[in-house]
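Data block for entry-v6.tsv (TSV, C-alpha atoms and all ligand atoms):
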```tsv
chain	number	residue	atom	x	y	z
F	16	MET	CA	-6.98	-20.36	-23.57
F	17	ASN	CA	-7.29	-22.44	-20.38
F	18	ASP	CA	-9.43	-21.53	-17.33
F	19	LEU	CA	-6.55	-19.94	-15.42
F	20	GLU	CA	-5.56	-17.77	-18.35
F	21	GLN	CA	-9.18	-16.84	-18.92
F	22	SER	CA	-9.67	-15.78	-15.27
F	23	ARG	CA	-6.37	-13.92	-15.27
F	24	GLN	CA	-7.30	-12.01	-18.39
F	25	THR	CA	-10.77	-11.21	-17.03
F	26	LEU	CA	-9.24	-9.92	-13.78
F	27	GLN	CA	-6.71	-7.80	-15.61
F	28	GLU	CA	-9.33	-6.32	-17.88
F	29	THR	CA	-11.59	-5.55	-14.93
F	30	MET	CA	-8.72	-3.86	-13.10
F	31	ASN	CA	-7.83	-1.81	-16.18
F	32	PHE	CA	-11.45	-0.84	-16.61
F	33	MET	CA	-11.78	0.18	-12.95
F	34	ALA	CA	-8.60	2.27	-13.07
F	35	ALA	CA	-9.68	3.97	-16.32
F	36	LEU	CA	-13.16	4.58	-14.94
F	37	ALA	CA	-11.79	6.08	-11.73
F	38	ALA	CA	-9.35	8.30	-13.64
F	39	GLY	CA	-12.21	9.40	-15.89
F	40	ILE	CA	-14.79	10.28	-13.23
F	41	GLU	CA	-12.44	12.09	-10.85
F	42	PRO	CA	-12.02	15.23	-13.01
F	43	VAL	CA	-15.80	15.35	-13.52
F	44	ILE	CA	-17.00	14.73	-9.97
F	45	GLY	CA	-13.98	16.22	-8.21
F	46	ARG	CA	-12.93	15.18	-4.71
F	47	GLY	CA	-16.45	13.88	-4.12
F	48	ALA	CA	-15.43	10.83	-6.17
F	49	CYS	CA	-13.16	9.74	-3.32
F	50	SER	CA	-15.94	10.07	-0.71
F	51	MET	CA	-18.33	8.10	-2.90
F	52	ALA	CA	-15.77	5.35	-3.47
F	53	TYR	CA	-14.86	5.29	0.25
F	54	SER	CA	-18.51	4.95	1.19
F	55	ALA	CA	-19.09	2.13	-1.33
F	56	GLY	CA	-15.99	0.28	-0.11
F	57	ARG	CA	-17.05	0.71	3.51
F	58	THR	CA	-20.45	-0.86	2.88
F	59	LEU	CA	-18.82	-3.78	1.10
F	60	GLY	CA	-16.24	-4.28	3.87
F	61	ALA	CA	-18.99	-4.33	6.50
F	62	GLN	CA	-20.92	-6.92	4.46
F	63	PHE	CA	-17.89	-9.16	4.00
F	64	ALA	CA	-17.09	-9.05	7.73
F	65	ARG	CA	-20.64	-9.61	8.98
F	66	HIS	CA	-19.91	-13.20	10.09
F	67	SER	CA	-16.47	-12.43	11.57
F	68	GLN	CA	-15.64	-12.85	15.21
F	69	ARG	CA	-16.36	-9.66	17.21
F	70	THR	CA	-13.62	-8.21	19.38
F	71	ASN	CA	-12.65	-4.96	21.06
F	72	ASP	CA	-8.94	-5.69	20.82
F	73	LEU	CA	-7.35	-3.83	17.90
F	74	GLU	CA	-4.65	-6.39	17.10
F	75	THR	CA	-7.16	-9.27	17.15
F	76	ALA	CA	-9.48	-7.21	14.96
F	77	LEU	CA	-6.68	-6.63	12.44
F	78	ALA	CA	-6.06	-10.38	12.31
F	79	GLU	CA	-9.79	-10.83	11.61
F	80	VAL	CA	-9.66	-8.26	8.78
F	81	ARG	CA	-6.73	-10.20	7.34
F	82	ASN	CA	-8.91	-13.35	7.43
F	83	VAL	CA	-11.74	-11.51	5.68
F	84	LEU	CA	-9.36	-10.39	2.94
F	85	THR	CA	-7.91	-13.89	2.51
F	86	GLU	CA	-11.34	-15.57	2.48
F	87	ASN	CA	-12.46	-13.20	-0.26
F	88	ASP	CA	-9.31	-13.70	-2.34
F	89	CYS	CA	-8.16	-10.11	-1.83
F	90	LEU	CA	-4.40	-10.00	-2.20
F	91	TRP	CA	-3.88	-6.93	-0.04
F	92	GLN	CA	-1.29	-7.73	2.55
F	93	PHE	CA	-0.62	-5.36	5.37
F	94	GLU	CA	1.50	-5.29	8.47
F	95	ALA	CA	1.61	-3.12	11.57
F	96	PHE	CA	4.45	-0.62	11.63
F	97	HIS	CA	6.06	0.61	14.83
F	98	PRO	CA	8.35	3.56	14.05
F	99	SER	CA	11.10	4.49	16.46
F	100	THR	CA	9.43	7.86	17.02
F	101	ARG	CA	6.37	6.29	18.68
F	102	PRO	CA	6.62	4.83	22.20
F	103	SER	CA	4.27	1.93	21.43
F	104	LEU	CA	2.67	0.15	18.48
F	105	ILE	CA	-0.79	1.39	19.44
F	106	THR	CA	-1.18	5.00	20.51
F	107	LYS	CA	-4.13	5.57	22.81
F	108	GLY	CA	-5.81	8.98	22.76
F	109	GLU	CA	-7.29	10.72	25.82
F	110	ASP	CA	-10.71	10.35	24.24
F	111	GLY	CA	-10.35	6.53	24.20
F	112	SER	CA	-9.41	6.31	20.53
F	113	GLU	CA	-6.61	4.04	19.30
F	114	GLU	CA	-4.18	4.67	16.46
F	115	ILE	CA	-1.85	2.31	14.63
F	116	LEU	CA	0.32	2.67	11.51
F	117	LEU	CA	-0.07	0.06	8.77
F	118	VAL	CA	2.12	-0.71	5.76
F	119	PHE	CA	0.42	-2.15	2.67
F	120	ARG	CA	2.63	-3.97	0.20
F	121	ASP	CA	1.16	-6.05	-2.65
F	122	CYS	CA	-1.87	-4.14	-3.88
F	123	MET	CA	-3.92	-4.78	-7.01
F	124	ILE	CA	-5.10	-1.18	-7.09
F	125	ARG	CA	-1.57	0.25	-7.12
F	126	GLN	CA	-0.54	-2.04	-9.95
F	127	SER	CA	-3.67	-1.18	-11.96
F	128	LEU	CA	-3.00	2.53	-11.57
F	129	PHE	CA	0.65	2.22	-12.55
F	130	ARG	CA	-0.26	0.23	-15.61
F	131	TYR	CA	-1.55	3.37	-17.34
F	132	GLY	CA	0.19	6.01	-15.31
F	133	HIS	CA	-2.79	7.01	-13.16
F	134	ALA	CA	-2.03	8.83	-9.91
F	135	GLN	CA	-2.35	7.16	-6.51
F	136	LYS	CA	-4.52	8.46	-3.64
F	137	GLY	CA	-7.52	8.66	-5.96
F	138	SER	CA	-10.98	7.13	-5.72
F	139	LEU	CA	-9.86	3.50	-6.17
F	140	CYS	CA	-7.43	3.83	-3.26
F	141	TYR	CA	-10.26	5.29	-1.19
F	142	MET	CA	-12.52	2.40	-2.12
F	143	MET	CA	-10.00	-0.06	-0.67
F	144	TYR	CA	-9.49	2.06	2.45
F	145	GLY	CA	-13.25	2.20	2.86
F	146	PHE	CA	-13.39	-1.58	2.53
F	147	PHE	CA	-10.79	-1.95	5.27
F	148	ALA	CA	-12.50	0.55	7.59
F	149	GLY	CA	-15.91	-1.03	6.99
F	150	ALA	CA	-14.65	-4.51	7.82
F	151	LEU	CA	-12.92	-3.26	10.97
F	152	GLU	CA	-15.98	-1.31	12.08
F	153	ALA	CA	-18.13	-4.42	11.71
F	154	ILE	CA	-15.64	-6.43	13.79
F	155	MET	CA	-15.05	-3.84	16.53
F	156	GLY	CA	-18.38	-2.04	16.53
F	157	ARG	CA	-16.51	1.27	16.59
F	158	ARG	CA	-15.98	3.94	13.94
F	159	ALA	CA	-12.71	3.58	12.07
F	160	GLU	CA	-10.77	5.78	9.64
F	161	LEU	CA	-7.84	4.86	7.49
F	162	ALA	CA	-5.84	7.87	6.34
F	163	ILE	CA	-3.17	7.75	3.65
F	164	ILE	CA	0.12	9.08	4.93
F	165	HIS	CA	2.17	8.03	1.94
F	166	ALA	CA	1.40	6.25	-1.31
F	167	GLY	CA	4.67	4.77	-2.50
F	168	GLU	CA	5.78	2.75	-5.50
F	169	ASN	CA	6.50	-0.41	-3.50
F	170	ALA	CA	4.47	0.14	-0.31
F	171	CYS	CA	1.95	2.55	1.18
F	172	LEU	CA	1.79	3.86	4.72
F	173	LYS	CA	-1.59	4.40	6.37
F	174	CYS	CA	-2.75	5.54	9.78
F	175	LEU	CA	-5.69	3.64	11.22
F	176	LYS	CA	-7.70	5.41	13.88
F	177	VAL	CA	-10.43	3.60	15.76
F	178	HIS	CA	-12.70	5.88	17.74
F	179	ALA	CA	-13.87	5.10	21.29
I	29	MET	CA	17.79	-7.20	7.46
I	30	LEU	CA	16.89	-4.32	5.15
I	31	GLU	CA	19.84	-2.29	3.88
I	32	ILE	CA	19.99	1.05	2.08
I	33	LYS	CA	22.95	2.36	0.14
I	34	ILE	CA	23.42	5.86	-1.20
I	35	HIS	CA	26.07	6.08	-3.86
I	36	ASP	CA	27.97	9.17	-2.70
I	37	GLU	CA	29.50	10.06	-6.02
I	38	SER	CA	26.13	9.91	-7.78
I	39	CYS	CA	24.29	12.06	-5.23
I	40	ARG	CA	23.88	15.61	-6.53
I	41	GLY	CA	22.35	17.02	-3.37
I	42	CYS	CA	18.82	17.75	-4.59
I	43	GLU	CA	17.23	16.56	-1.30
I	44	LEU	CA	14.23	15.05	-3.10
I	45	CYS	CA	14.72	11.73	-1.34
I	46	VAL	CA	14.73	13.40	2.08
I	47	ASP	CA	11.52	15.24	1.28
I	48	VAL	CA	9.67	12.22	-0.12
I	49	CYS	CA	10.54	9.80	2.70
I	50	PRO	CA	7.45	9.38	4.92
I	51	THR	CA	9.36	8.04	7.92
I	52	ASP	CA	12.38	10.37	8.09
I	53	VAL	CA	14.88	7.66	7.31
I	54	LEU	CA	17.03	10.01	5.27
I	55	ALA	CA	18.70	13.27	6.26
I	56	PHE	CA	20.71	15.88	4.46
I	57	ASP	CA	24.34	16.63	5.25
I	58	LYS	CA	24.58	20.37	4.60
I	59	VAL	CA	28.39	20.35	4.75
I	60	ALA	CA	28.93	17.50	2.33
I	61	HIS	CA	25.79	18.54	0.39
I	62	LYS	CA	24.66	14.93	0.17
I	63	ALA	CA	21.85	12.73	1.43
I	64	THR	CA	22.64	10.42	4.34
I	65	ILE	CA	20.90	7.56	6.11
I	66	GLN	CA	19.93	8.43	9.66
I	67	ASN	CA	17.40	5.80	10.68
I	68	VAL	CA	17.35	2.67	8.54
I	69	GLY	CA	15.15	0.84	11.07
I	70	ASP	CA	12.16	2.98	10.13
I	71	CYS	CA	12.37	2.26	6.40
I	72	ILE	CA	9.13	0.71	5.11
I	73	ALA	CA	10.66	-0.12	1.70
I	74	CYS	CA	8.21	2.05	-0.21
I	75	LEU	CA	11.08	2.77	-2.64
I	76	SER	CA	9.85	6.32	-3.25
I	77	CYS	CA	13.34	7.68	-2.57
I	78	ALA	CA	14.89	5.30	-5.09
I	79	PHE	CA	12.25	6.14	-7.73
I	80	ILE	CA	12.50	9.89	-7.25
I	81	CYS	CA	16.29	10.13	-7.17
I	82	PRO	CA	17.35	11.71	-10.49
I	83	SER	CA	20.76	10.03	-10.25
I	84	GLY	CA	19.59	6.54	-9.33
I	85	ALA	CA	21.89	6.81	-6.34
I	86	ILE	CA	19.74	4.87	-3.83
I	87	THR	CA	19.47	1.10	-3.64
I	88	HIS	CA	17.74	-1.18	-1.15
I	89	SER	CA	18.43	-4.82	-0.43
I	90	ASN	CA	16.59	-7.55	1.49
I	91	ILE	CA	13.17	-6.06	0.82
I	92	HIS	CA	9.86	-7.37	-0.49
I	93	HIS	CA	9.25	-6.30	-4.08
I	94	VAL	CA	5.57	-6.01	-4.89
I	95	LYS	CA	4.08	-8.57	-7.22
I	96	ASN	CA	3.40	-7.41	-10.71
I	97	PHE	CA	-0.18	-8.44	-11.39
I	98	TYR	CA	0.17	-7.47	-15.00
I	99	ARG	CA	1.72	-9.96	-17.30
I	100	ASP	CA	1.44	-10.20	-20.99
I	101	LEU	CA	-0.26	-13.55	-21.57
I	102	ASP	CA	2.14	-14.57	-24.34
I	103	PHE	CA	5.04	-13.73	-22.08
I	104	CYS	CA	3.42	-15.78	-19.29
I	105	ARG	CA	3.22	-18.82	-21.54
I	106	ARG	CA	6.89	-18.49	-22.38
I	107	VAL	CA	7.88	-18.04	-18.73
I	108	GLU	CA	5.76	-20.94	-17.51
I	109	ARG	CA	7.88	-23.38	-19.52
I	110	PHE	CA	10.74	-22.59	-17.17
I	111	LEU	CA	8.78	-22.93	-13.91
M	201	LIG	S1	17.44	12.22	-4.46
M	201	LIG	FE1	19.37	11.26	-5.10
M	201	LIG	S2	20.64	12.95	-5.82
M	201	LIG	FE2	18.95	13.88	-4.64
M	201	LIG	S3	19.82	14.08	-2.57
M	201	LIG	FE3	18.75	12.11	-2.65
M	201	LIG	S4	20.38	10.63	-3.20
M	201	LIG	FE4	21.17	12.66	-3.67
M	202	LIG	S1	12.17	3.32	0.85
M	202	LIG	FE1	10.60	4.76	1.58
M	202	LIG	S2	10.75	4.66	3.82
M	202	LIG	FE2	12.65	3.74	3.00
M	202	LIG	S3	14.11	5.43	2.93
M	202	LIG	FE3	13.13	5.36	0.93
M	202	LIG	S4	11.40	6.79	1.04
M	202	LIG	FE4	12.07	6.36	3.15
```
Starting from the file, give its structure as structure tokens.
Ligand code: SF4
Ligand code: SF4
Amino acid sequence: MNDLEQSRQTLQETMNFMAALAAGIEPVIGRGACSMAYSAGRTLGAQFARHSQRTNDLETALAEVRNVLTENDCLWQFEAFHPSTRPSLITKGEDGSEEILLVFRDCMIRQSLFRYGHAQKGSLCYMMYGFFAGALEAIMGRRAELAIIHAGENACLKCLKVHA
Amino acid sequence: MLEIKIHDESCRGCELCVDVCPTDVLAFDKVAHKATIQNVGDCIACLSCAFICPSGAITHSNIHHVKNFYRDLDFCRRVERFL
């Protein structure tokens, strides 16, 4: 087996293990598993983004998060989504918060879950959302939340809210 | 440009696709008792409607299909000969 095959197999086994572990602990710990995974992902995201350029502009911050993902070999592409029902891409709240919809396409977590028929929106999904929020918080210096609107077979829709 | 097609004759009017769509792309024609496309521009290509449809009546074209990270290594070796 060459190096590429070896790394590919290691990655696949790790992903399988993670998905099985997540599916196993969720019935035991309950919904708390998602909060724990979110929190762990958030810490990791903040660590990964600690040297990123700071900005208060949401679109620039999203570009920075994309850089963080690329630099750390995370294949987790996302794009901003502007539905016809919203007047603008970014919705500003009266309290100074900002909200944007994001579509996530290629996702290692989704593929790992599907491999053995595990459900989406579980702790592994929350770990990745935590990672994203943590990275964004480190870049913007503001609290961020990424909520799952829809977990689909070929893409997922999330709502990112950045507090004032 | 993304396109969606609903095969009229296959649609059995269960409305599952309308309910699953997160962006209200699909609607239900109560007279014809069939699903219709009302707002293709808001489709995010999640393919949930196509997966849930019991008749396989919905197809999408010009979309990004997610990469399958799982490959059987023997199969990979066989495929790589053709790359
Ligand atoms: S899910 Fe399929 S059969 Fe049901 S309404 Fe939609 S297109 Fe018709
Ligand atoms: S692919 Fe997703 S967004 Fe597009 S019509 Fe189907 S359910 Fe709606």
Task: Protein and nucleic residues near ligand LIG 202 (chain M), 6 Å, all atoms listed in the file, as JSON, numbers by chain - done: {"I": [48, 49, 50, 51, 53, 54, 71, 72, 73, 74, 75, 76, 77]}
Task: Two-atom distance - CA of Leu104 (chain F), CA of Val46 (chain I) (Å) - done: 24.3 Å
For chain F, report every residue with an atom at most 8 Å from chain I (counting all atoms listed in the file), formatted as a PDB file with C-alpha atoms, keeping the file's coordinate frame.
```pdb
ATOM      1  CA  GLU F  20      -5.560 -17.770 -18.350  1.00  0.00           C
ATOM      2  CA  GLN F  24      -7.300 -12.010 -18.390  1.00  0.00           C
ATOM      3  CA  GLN F  27      -6.710  -7.800 -15.610  1.00  0.00           C
ATOM      4  CA  PRO F  98       8.350   3.560  14.050  1.00  0.00           C
ATOM      5  CA  SER F  99      11.100   4.490  16.460  1.00  0.00           C
ATOM      6  CA  VAL F 118       2.120  -0.710   5.760  1.00  0.00           C
ATOM      7  CA  ARG F 120       2.630  -3.970   0.200  1.00  0.00           C
ATOM      8  CA  ASP F 121       1.160  -6.050  -2.650  1.00  0.00           C
ATOM      9  CA  CYS F 122      -1.870  -4.140  -3.880  1.00  0.00           C
ATOM     10  CA  MET F 123      -3.920  -4.780  -7.010  1.00  0.00           C
ATOM     11  CA  GLN F 126      -0.540  -2.040  -9.950  1.00  0.00           C
ATOM     12  CA  SER F 127      -3.670  -1.180 -11.960  1.00  0.00           C
ATOM     13  CA  ARG F 130      -0.260   0.230 -15.610  1.00  0.00           C
ATOM     14  CA  ILE F 164       0.120   9.080   4.930  1.00  0.00           C
ATOM     15  CA  HIS F 165       2.170   8.030   1.940  1.00  0.00           C
ATOM     16  CA  GLY F 167       4.670   4.770  -2.500  1.00  0.00           C
ATOM     17  CA  GLU F 168       5.780   2.750  -5.500  1.00  0.00           C
ATOM     18  CA  ASN F 169       6.500  -0.410  -3.500  1.00  0.00           C
ATOM     19  CA  ALA F 170       4.470   0.140  -0.310  1.00  0.00           C
ATOM     20  CA  CYS F 171       1.950   2.550   1.180  1.00  0.00           C
ATOM     21  CA  LEU F 172       1.790   3.860   4.720  1.00  0.00           C
TER      22      LEU F 172
END
```
Mind dumping a table of every chain I residue within 9 Å of ligand LIG 201 (chain M), with the nearest atom pair and its distance in Å to one decimal, using all atoms listed in the file, sorted by chain and rising number, as JSON lines?
```
{"residue": "I:Ile34", "atom": "CA", "partner": "M:LIG201", "partner_atom": "S4", "distance": 6.0}
{"residue": "I:His35", "atom": "CA", "partner": "M:LIG201", "partner_atom": "S4", "distance": 7.3}
{"residue": "I:Asp36", "atom": "CA", "partner": "M:LIG201", "partner_atom": "FE4", "distance": 7.7}
{"residue": "I:Ser38", "atom": "CA", "partner": "M:LIG201", "partner_atom": "S2", "distance": 6.6}
{"residue": "I:Cys39", "atom": "CA", "partner": "M:LIG201", "partner_atom": "FE4", "distance": 3.5}
{"residue": "I:Arg40", "atom": "CA", "partner": "M:LIG201", "partner_atom": "S2", "distance": 4.3}
{"residue": "I:Gly41", "atom": "CA", "partner": "M:LIG201", "partner_atom": "S3", "distance": 4.0}
{"residue": "I:Cys42", "atom": "CA", "partner": "M:LIG201", "partner_atom": "FE2", "distance": 3.9}
{"residue": "I:Glu43", "atom": "CA", "partner": "M:LIG201", "partner_atom": "S3", "distance": 3.8}
{"residue": "I:Leu44", "atom": "CA", "partner": "M:LIG201", "partner_atom": "S1", "distance": 4.5}
{"residue": "I:Cys45", "atom": "CA", "partner": "M:LIG201", "partner_atom": "S1", "distance": 4.2}
{"residue": "I:Val46", "atom": "CA", "partner": "M:LIG201", "partner_atom": "FE3", "distance": 6.3}
{"residue": "I:Asp47", "atom": "CA", "partner": "M:LIG201", "partner_atom": "S1", "distance": 8.8}
{"residue": "I:Val48", "atom": "CA", "partner": "M:LIG201", "partner_atom": "S1", "distance": 8.9}
{"residue": "I:Leu54", "atom": "CA", "partner": "M:LIG201", "partner_atom": "FE3", "distance": 8.4}
{"residue": "I:Ala55", "atom": "CA", "partner": "M:LIG201", "partner_atom": "S3", "distance": 8.9}
{"residue": "I:Phe56", "atom": "CA", "partner": "M:LIG201", "partner_atom": "S3", "distance": 7.3}
{"residue": "I:His61", "atom": "CA", "partner": "M:LIG201", "partner_atom": "S3", "distance": 8.0}
{"residue": "I:Lys62", "atom": "CA", "partner": "M:LIG201", "partner_atom": "S3", "distance": 5.6}
{"residue": "I:Ala63", "atom": "CA", "partner": "M:LIG201", "partner_atom": "S3", "distance": 4.7}
{"residue": "I:Thr64", "atom": "CA", "partner": "M:LIG201", "partner_atom": "S4", "distance": 7.9}
{"residue": "I:Cys77", "atom": "CA", "partner": "M:LIG201", "partner_atom": "S1", "distance": 6.4}
{"residue": "I:Ala78", "atom": "CA", "partner": "M:LIG201", "partner_atom": "S1", "distance": 7.4}
{"residue": "I:Phe79", "atom": "CA", "partner": "M:LIG201", "partner_atom": "S1", "distance": 8.6}
{"residue": "I:Ile80", "atom": "CA", "partner": "M:LIG201", "partner_atom": "S1", "distance": 6.1}
{"residue": "I:Cys81", "atom": "CA", "partner": "M:LIG201", "partner_atom": "S1", "distance": 3.6}
{"residue": "I:Pro82", "atom": "CA", "partner": "M:LIG201", "partner_atom": "FE1", "distance": 5.8}
{"residue": "I:Ser83", "atom": "CA", "partner": "M:LIG201", "partner_atom": "S2", "distance": 5.3}
{"residue": "I:Gly84", "atom": "CA", "partner": "M:LIG201", "partner_atom": "FE1", "distance": 6.3}
{"residue": "I:Ala85", "atom": "CA", "partner": "M:LIG201", "partner_atom": "S4", "distance": 5.2}
{"residue": "I:Ile86", "atom": "CA", "partner": "M:LIG201", "partner_atom": "S4", "distance": 5.8}
```
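As for CA of Ala150 (chain F) and CA of Leu84 (chain F), they are spaced 9.3 Å apart.
Note that CA of Thr29 (chain F) and CA of Val83 (chain F) are 21.5 Å apart.
Polymer residues near (-9.0, 1.3, -17.7): counting all atoms listed in the file with a cut-off of 12 Å, they are Leu26, Gln27, Glu28, Thr29, Met30, Asn31, Phe32, Met33, Ala34, Ala35, Leu36, Ala37, Ala38, Gly39, Ile40, Ile124, Gln126, Ser127, Leu128, Phe129, Arg130, Tyr131, Gly132, His133 and Leu139 of chain F.
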Open item on the list: Given the point (-1.0, 5.1, 19.5) in the file's coordinates, find the residues that have an atom at most 10 Å from it, counting all atoms listed in the file, and give them as number ranges by chain.
Closed with: F: 97, 101-108, 112-116, 174-176
- [ ] Would you mind listing what lies within 7 Å of Ile32 (chain I) as an NGL selection string, with only C-alpha atoms counted and same-chain residues fewer than 6 positions away left out?
- [x] :I and (87-89)
